[in-house]
Structures are given as structure tokens and as C-alpha cells.
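Asker: Contents of final.cif (mmCIF, C-alpha atoms) are given next:
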data_final
loop_
_atom_site.group_PDB
_atom_site.id
_atom_site.type_symbol
_atom_site.label_atom_id
_atom_site.label_comp_id
_atom_site.auth_asym_id
_atom_site.auth_seq_id
_atom_site.Cartn_x
_atom_site.Cartn_y
_atom_site.Cartn_z
ATOM 1 C CA MET J 17 101.092 8.948 -25.421
ATOM 2 C CA MET J 18 100.335 8.492 -21.773
ATOM 3 C CA ALA J 19 103.104 7.477 -19.383
ATOM 4 C CA THR J 20 103.964 8.025 -15.750
ATOM 5 C CA TRP J 21 106.309 10.884 -16.625
ATOM 6 C CA PHE J 22 104.765 12.283 -19.850
ATOM 7 C CA GLN J 23 101.308 12.796 -21.333
ATOM 8 C CA GLY J 24 100.955 14.327 -24.783
ATOM 9 C CA PRO J 25 101.321 13.923 -28.560
ATOM 10 C CA LYS J 26 103.789 11.489 -30.089
ATOM 11 C CA GLU J 27 106.002 14.240 -31.530
ATOM 12 C CA ASP J 28 106.558 15.712 -28.075
ATOM 13 C CA PHE J 29 107.089 12.254 -26.574
ATOM 14 C CA ILE J 30 109.812 11.521 -29.127
ATOM 15 C CA ARG J 31 111.488 14.866 -28.425
ATOM 16 C CA VAL J 32 111.469 14.560 -24.617
ATOM 17 C CA SER J 33 112.620 10.924 -24.860
ATOM 18 C CA GLN J 34 115.587 12.010 -26.975
ATOM 19 C CA GLU J 35 116.369 14.822 -24.526
ATOM 20 C CA GLY J 36 116.266 12.352 -21.626
ATOM 21 C CA ALA J 37 118.551 9.913 -23.431
ATOM 22 C CA ALA J 38 121.024 12.743 -24.068
ATOM 23 C CA ARG J 39 121.028 13.418 -20.289
ATOM 24 C CA GLY J 40 121.711 9.738 -19.550
ATOM 25 C CA VAL J 41 118.181 8.549 -18.707
ATOM 26 C CA ASN J 42 118.254 4.782 -19.213
ATOM 27 C CA ILE J 43 114.847 3.196 -19.962
ATOM 28 C CA LEU J 44 114.204 -0.040 -21.861
ATOM 29 C CA HIS J 45 110.931 -1.765 -22.728
ATOM 30 C CA PHE J 46 110.313 -5.459 -23.265
ATOM 31 C CA THR J 47 107.084 -6.419 -25.013
ATOM 32 C CA GLY J 48 105.444 -9.821 -25.087
ATOM 33 C CA GLY J 49 102.166 -11.384 -26.134
ATOM 34 C CA VAL J 50 99.374 -9.337 -27.688
ATOM 35 C CA ARG J 51 95.590 -9.696 -27.521
ATOM 36 C CA ILE J 52 93.609 -7.714 -30.095
ATOM 37 C CA THR J 53 89.898 -6.946 -30.095
ATOM 38 C CA LEU J 54 88.854 -5.871 -33.599
ATOM 39 C CA ALA J 55 85.731 -3.896 -34.588
ATOM 40 C CA GLY J 56 85.808 -2.873 -38.241
ATOM 41 C CA THR J 57 88.483 -0.205 -38.680
ATOM 42 C CA ARG J 58 89.128 0.070 -34.956
ATOM 43 C CA ALA J 59 90.893 -2.151 -32.480
ATOM 44 C CA ILE J 60 92.141 -2.352 -28.926
ATOM 45 C CA ALA J 61 95.466 -4.143 -28.479
ATOM 46 C CA GLN J 62 96.744 -5.216 -25.085
ATOM 47 C CA THR J 63 100.448 -6.036 -25.106
ATOM 48 C CA ARG J 64 102.319 -7.482 -22.127
ATOM 49 C CA MET J 65 105.273 -5.256 -21.263
ATOM 50 C CA THR J 66 108.003 -4.621 -18.765
ATOM 51 C CA ILE J 67 109.568 -1.204 -18.331
ATOM 52 C CA MET J 68 113.141 -1.322 -17.050
ATOM 53 C CA GLN J 69 114.802 1.861 -15.850
ATOM 54 C CA ARG J 70 118.203 2.362 -14.237
ATOM 55 C CA GLY J 71 119.143 5.443 -12.294
ATOM 56 C CA PRO J 72 120.297 6.840 -8.972
ATOM 57 C CA VAL J 73 118.014 6.735 -5.933
ATOM 58 C CA ASP J 74 119.434 8.780 -3.065
ATOM 59 C CA GLY J 75 122.883 8.348 -4.623
ATOM 60 C CA VAL J 76 122.562 4.563 -5.026
ATOM 61 C CA LEU J 77 122.401 3.148 -8.572
ATOM 62 C CA CYS J 78 119.171 1.132 -8.853
ATOM 63 C CA ASP J 79 117.154 -0.862 -11.353
ATOM 64 C CA VAL J 80 113.368 -0.706 -11.497
ATOM 65 C CA ALA J 81 111.260 -3.293 -13.317
ATOM 66 C CA CYS J 82 107.583 -2.470 -13.840
ATOM 67 C CA THR J 83 105.289 -5.076 -15.404
ATOM 68 C CA GLY J 84 101.964 -4.349 -17.028
ATOM 69 C CA ARG J 85 100.217 -3.913 -20.363
ATOM 70 C CA PHE J 86 100.154 -1.366 -23.132
ATOM 71 C CA TYR J 87 96.468 -0.684 -23.829
ATOM 72 C CA ASP J 88 96.489 0.736 -27.357
ATOM 73 C CA PHE J 89 93.641 2.320 -29.312
ATOM 74 C CA PHE J 90 94.191 1.514 -33.021
ATOM 75 C CA GLU J 91 92.444 2.780 -36.129
ATOM 76 C CA LYS J 92 92.813 1.994 -39.818
ATOM 77 C CA ARG J 93 93.198 5.236 -41.784
ATOM 78 C CA ASP J 94 94.032 5.493 -45.475
ATOM 79 C CA GLY J 95 94.583 1.733 -45.584
ATOM 80 C CA ARG J 96 97.097 1.682 -42.697
ATOM 81 C CA TRP J 97 96.711 0.758 -39.035
ATOM 82 C CA GLY J 98 98.132 3.157 -36.479
ATOM 83 C CA ILE J 99 98.036 3.865 -32.763
ATOM 84 C CA VAL J 100 95.693 6.683 -31.799
ATOM 85 C CA LEU J 101 96.392 6.444 -28.056
ATOM 86 C CA ARG J 102 98.737 4.382 -25.897
ATOM 87 C CA GLN J 103 97.762 4.045 -22.248
ATOM 88 C CA PRO J 104 99.922 1.763 -20.125
ATOM 89 C CA ILE J 105 98.373 -0.251 -17.322
ATOM 90 C CA TYR J 106 100.888 -0.592 -14.481
ATOM 91 C CA GLU J 107 100.451 -3.864 -12.580
ATOM 92 C CA LYS J 108 103.455 -4.317 -10.295
ATOM 93 C CA ASP J 109 107.009 -3.112 -9.900
ATOM 94 C CA ARG J 110 110.142 -3.490 -7.841
ATOM 95 C CA LEU J 111 113.331 -1.554 -7.153
ATOM 96 C CA ASP J 112 116.716 -3.175 -6.589
ATOM 97 C CA PRO J 113 120.111 -1.605 -5.921
ATOM 98 C CA VAL J 114 122.573 -2.641 -8.640
ATOM 99 C CA GLU J 115 125.257 -3.292 -6.007
ATOM 100 C CA GLN J 116 123.869 -5.778 -3.494
ATOM 101 C CA ASP J 117 126.048 -4.733 -0.550
ATOM 102 C CA VAL J 118 124.625 -1.190 -0.225
ATOM 103 C CA GLU J 119 121.925 0.003 2.140
ATOM 104 C CA LEU J 120 119.005 1.944 0.695
ATOM 105 C CA THR J 121 116.230 3.490 2.764
ATOM 106 C CA LEU J 122 113.256 4.808 0.803
ATOM 107 C CA ASP J 123 111.019 7.696 1.875
ATOM 108 C CA HIS J 124 107.668 6.035 2.620
ATOM 109 C CA ASP J 125 105.796 9.338 2.242
ATOM 110 C CA VAL J 126 107.027 9.636 -1.358
ATOM 111 C CA LEU J 127 106.165 5.980 -2.065
ATOM 112 C CA ALA J 128 102.660 6.476 -0.655
ATOM 113 C CA ARG J 129 101.938 9.237 -3.211
ATOM 114 C CA PHE J 130 101.805 6.651 -6.012
ATOM 115 C CA PRO J 131 99.716 3.531 -6.712
ATOM 116 C CA GLU J 132 101.035 0.069 -5.971
ATOM 117 C CA GLY J 133 101.521 -0.770 -9.667
ATOM 118 C CA TYR J 134 104.258 1.789 -10.318
ATOM 119 C CA ARG J 135 105.301 3.344 -7.020
ATOM 120 C CA TYR J 136 108.965 2.301 -7.264
ATOM 121 C CA LEU J 137 109.193 3.405 -10.903
ATOM 122 C CA ALA J 138 107.670 6.744 -9.860
ATOM 123 C CA TYR J 139 110.134 7.038 -6.960
ATOM 124 C CA LEU J 140 113.091 6.720 -9.324
ATOM 125 C CA GLN J 141 111.505 9.053 -11.912
ATOM 126 C CA VAL J 142 110.774 11.750 -9.304
ATOM 127 C CA GLN J 143 114.421 11.579 -8.272
ATOM 128 C CA ALA J 144 115.364 12.020 -11.945
ATOM 129 C CA GLY J 145 113.328 15.240 -11.978
ATOM 130 C CA TYR J 146 110.203 14.080 -13.805
ATOM 131 C CA PRO J 147 106.699 15.148 -12.726
ATOM 132 C CA VAL J 148 104.995 11.773 -12.279
ATOM 133 C CA LYS J 149 101.230 11.439 -12.780
ATOM 134 C CA PRO J 150 99.763 9.902 -9.603
ATOM 135 C CA ASP J 151 96.600 8.312 -11.027
ATOM 136 C CA MET J 152 97.546 6.003 -13.883
ATOM 137 C CA PRO J 153 95.602 2.731 -14.362
ATOM 138 C CA GLY J 154 96.722 -0.279 -12.367
ATOM 139 C CA LEU J 155 95.694 -3.913 -12.181
ATOM 140 C CA THR J 156 92.401 -3.010 -10.476
ATOM 141 C CA GLY J 157 90.531 0.121 -9.481
ATOM 142 C CA PRO J 158 88.501 2.974 -10.941
ATOM 143 C CA GLU J 159 91.244 4.170 -13.313
ATOM 144 C CA VAL J 160 91.512 0.846 -15.159
ATOM 145 C CA GLU J 161 87.716 0.377 -15.157
ATOM 146 C CA ARG J 162 87.380 3.841 -16.757
ATOM 147 C CA LEU J 163 90.004 2.849 -19.353
ATOM 148 C CA TYR J 164 88.091 -0.335 -20.232
ATOM 149 C CA ARG J 165 84.914 1.752 -20.707
ATOM 150 C CA ARG J 166 86.834 4.143 -22.974
ATOM 151 C CA GLY J 167 88.076 1.151 -24.984
ATOM 152 C CA ALA J 168 84.562 -0.271 -25.377
ATOM 153 C CA ALA J 169 83.264 3.139 -26.469
ATOM 154 C CA TRP J 170 86.137 3.430 -28.968
ATOM 155 C CA LEU J 171 85.281 0.044 -30.476
ATOM 156 C CA ALA J 172 81.617 1.147 -30.701
ATOM 157 C CA GLY J 173 82.642 4.105 -32.868
ATOM 158 C CA GLU J 174 82.895 6.931 -30.347
ATOM 159 C CA PRO J 175 85.883 9.305 -30.265
ATOM 160 C CA VAL J 176 88.626 8.734 -27.716
ATOM 161 C CA ALA J 177 87.298 10.423 -24.602
ATOM 162 C CA PRO J 178 89.695 12.230 -22.270
#
Could you write out this structure as C-alpha cells?
Answerer:
Amino acid sequence: MMATWFQGPKEDFIRVSQEGAARGVNILHFTGGVRITLAGTRAIAQTRMTIMQRGPVDGVLCDVACTGRFYDFFEKRDGRWGIVLRQPIYEKDRLDPVEQDVELTLDHDVLARFPEGYRYLAYLQVQAGYPVKPDMPGLTGPEVERLYRRGAAWLAGEPVAP
């Protein structure tokens, strides 16, 4: 599982997600339409998604909505399809105070550390204490182009490259 705040095996992702929930971390995901490219026992699925997270930013309760796609590497093993790797593509996001009559000033140096597609999500997650990866794939750029090449190689039978 690859995410802004976690990269690692599914078992660890489940554990750290449960630990976060126990601490009050509030993250929801909405998923939409799916496009699947199939090649024998392998597939790439792209699923529209929105990540919604609520939490304090400089003491102000805020909501972040981040829209993008889950780019999933699938394989059929022992007669069952399963996800081998999930790599989100972060396209755009926004941050809104929950109470509309409060003033919130963001640190532009912190925002500038992260790509346009998830900079507000990263801002909130950094404030929650998570180490946020600064080079995740976005709508355009070398990271997403590299991901598309990895997906094509996967469909051609190669192992998932790092």
C-alpha cells in the first residue's frame, strides 16, 4: 500500500490505520467508476476516488477533500483476483475550516513542500504527526509517467518494479 502517510505491506497498513482511528484520526474514502485493463491473469484498475479527512490545522477544525484515482495492480492467483499494489494518483485537493467564521492562515513554506495534487491533505497530515511522502504521483509529471510505465510492464508480465 502506498499513501501519502504510509508505504508498506497491507498488514502494517491495517495496523497503523487502526492505531490512527483509536487516536481519533478521521479519514473516509469515496470510490466511483472503475476502468480495468486486463492482460491474462494480470490487470490494472483505475478507480475514481476522493479522500476526506477531518482534523485540526493550527487549532482550527478543518476538512480536506482530495480527488484522484487508485491505480491498482491486480493478479489472479489460485483462482482469485487480488491487489498486489495500490498506488493512489492525487489530482487536486482543498482545505476548508468546518466553522466558516474562523480565520486560518496556512504556512506557505509547508504547503510548498508538497505537490499541487495533495498539498492541503499533506498539510493536515503533517499537523497530525504523520511523515508525508513528498513525491507521490499527481495528474501530470514524471511520477505519474513512471507509474504508467510500471503498469504497462506489469501487464507485459514483469514483476512490480520499485
Asker: As a check of understanding, name the residues that the PyMOL selection byres ((chain J and resi 120-123) around 9) selects in the supplied structure, as a PyMOL selection string.
Answerer: chain J and resi 73-74+76+113+118-119+124-128+139
Asker: Could you check which of J:Arg135, J:Arg129, J:Arg85, J:Arg165 is closest to Pro104 of chain J, using only C-alpha atoms?
Answerer: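 Of J:Arg135, J:Arg129, J:Arg85, J:Arg165, the one nearest Pro104 of chain J is J:Arg85, counting only C-alpha atoms.
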Asker: Just say which residues the PyMOL selection byres ((chain J and resi 166) around 12) picks in this file, as an NGL selection string.
Answerer: :J and (60 or 87-89 or 101 or 103 or 159-165 or 167-178)
Asker: Starting from the shown file, work through the PyMOL selection byres ((chain J and resi 34-37) around 12) and note down what comes out as a short mmCIF file (atom, residue, chain, number, x, y, z; two decimals) with C-alpha atoms, keeping the file's coordinate frame.
Answerer:
data_model
loop_
_atom_site.label_atom_id
_atom_site.label_comp_id
_atom_site.auth_asym_id
_atom_site.auth_seq_id
_atom_site.Cartn_x
_atom_site.Cartn_y
_atom_site.Cartn_z
CA TRP J 21 106.31 10.88 -16.62
CA PHE J 22 104.76 12.28 -19.85
CA GLU J 27 106.00 14.24 -31.53
CA ASP J 28 106.56 15.71 -28.08
CA PHE J 29 107.09 12.25 -26.57
CA ILE J 30 109.81 11.52 -29.13
CA ARG J 31 111.49 14.87 -28.42
CA VAL J 32 111.47 14.56 -24.62
CA SER J 33 112.62 10.92 -24.86
CA ALA J 38 121.02 12.74 -24.07
CA ARG J 39 121.03 13.42 -20.29
CA GLY J 40 121.71 9.74 -19.55
CA VAL J 41 118.18 8.55 -18.71
CA ASN J 42 118.25 4.78 -19.21
CA ILE J 43 114.85 3.20 -19.96
CA LEU J 44 114.20 -0.04 -21.86
CA GLN J 69 114.80 1.86 -15.85
CA ARG J 70 118.20 2.36 -14.24
CA GLY J 71 119.14 5.44 -12.29
CA GLN J 141 111.50 9.05 -11.91
CA ALA J 144 115.36 12.02 -11.94
CA GLY J 145 113.33 15.24 -11.98
CA TYR J 146 110.20 14.08 -13.80
#
Asker: Between atom CA of Thr53 of chain J and atom CA of Phe86 of chain J, what is the spacing in Å?
Answerer: 13.6 Å
Asker: Quick one: everything within 9 Å of Asp151 of chain J, counting only C-alpha atoms, minus sequence neighbours fewer than 2 positions away in the same chain. Send it as a ChimeraX atom specification.
Answerer: /J:20,130-131,149,153-154,159
Asker: Report the distance between atom CA of Met17 of chain J and atom CA of Asp112 of chain J in Å, rounded to one decimal place.
Answerer: 27.3 Å
Asker: Between J:Val100, J:Met18, J:Ile105, J:Val142, which is the closest to Thr66 of chain J once you count only C-alpha atoms?
Answerer: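 Counting only C-alpha atoms, the residue closest to Thr66 of chain J is J:Ile105.
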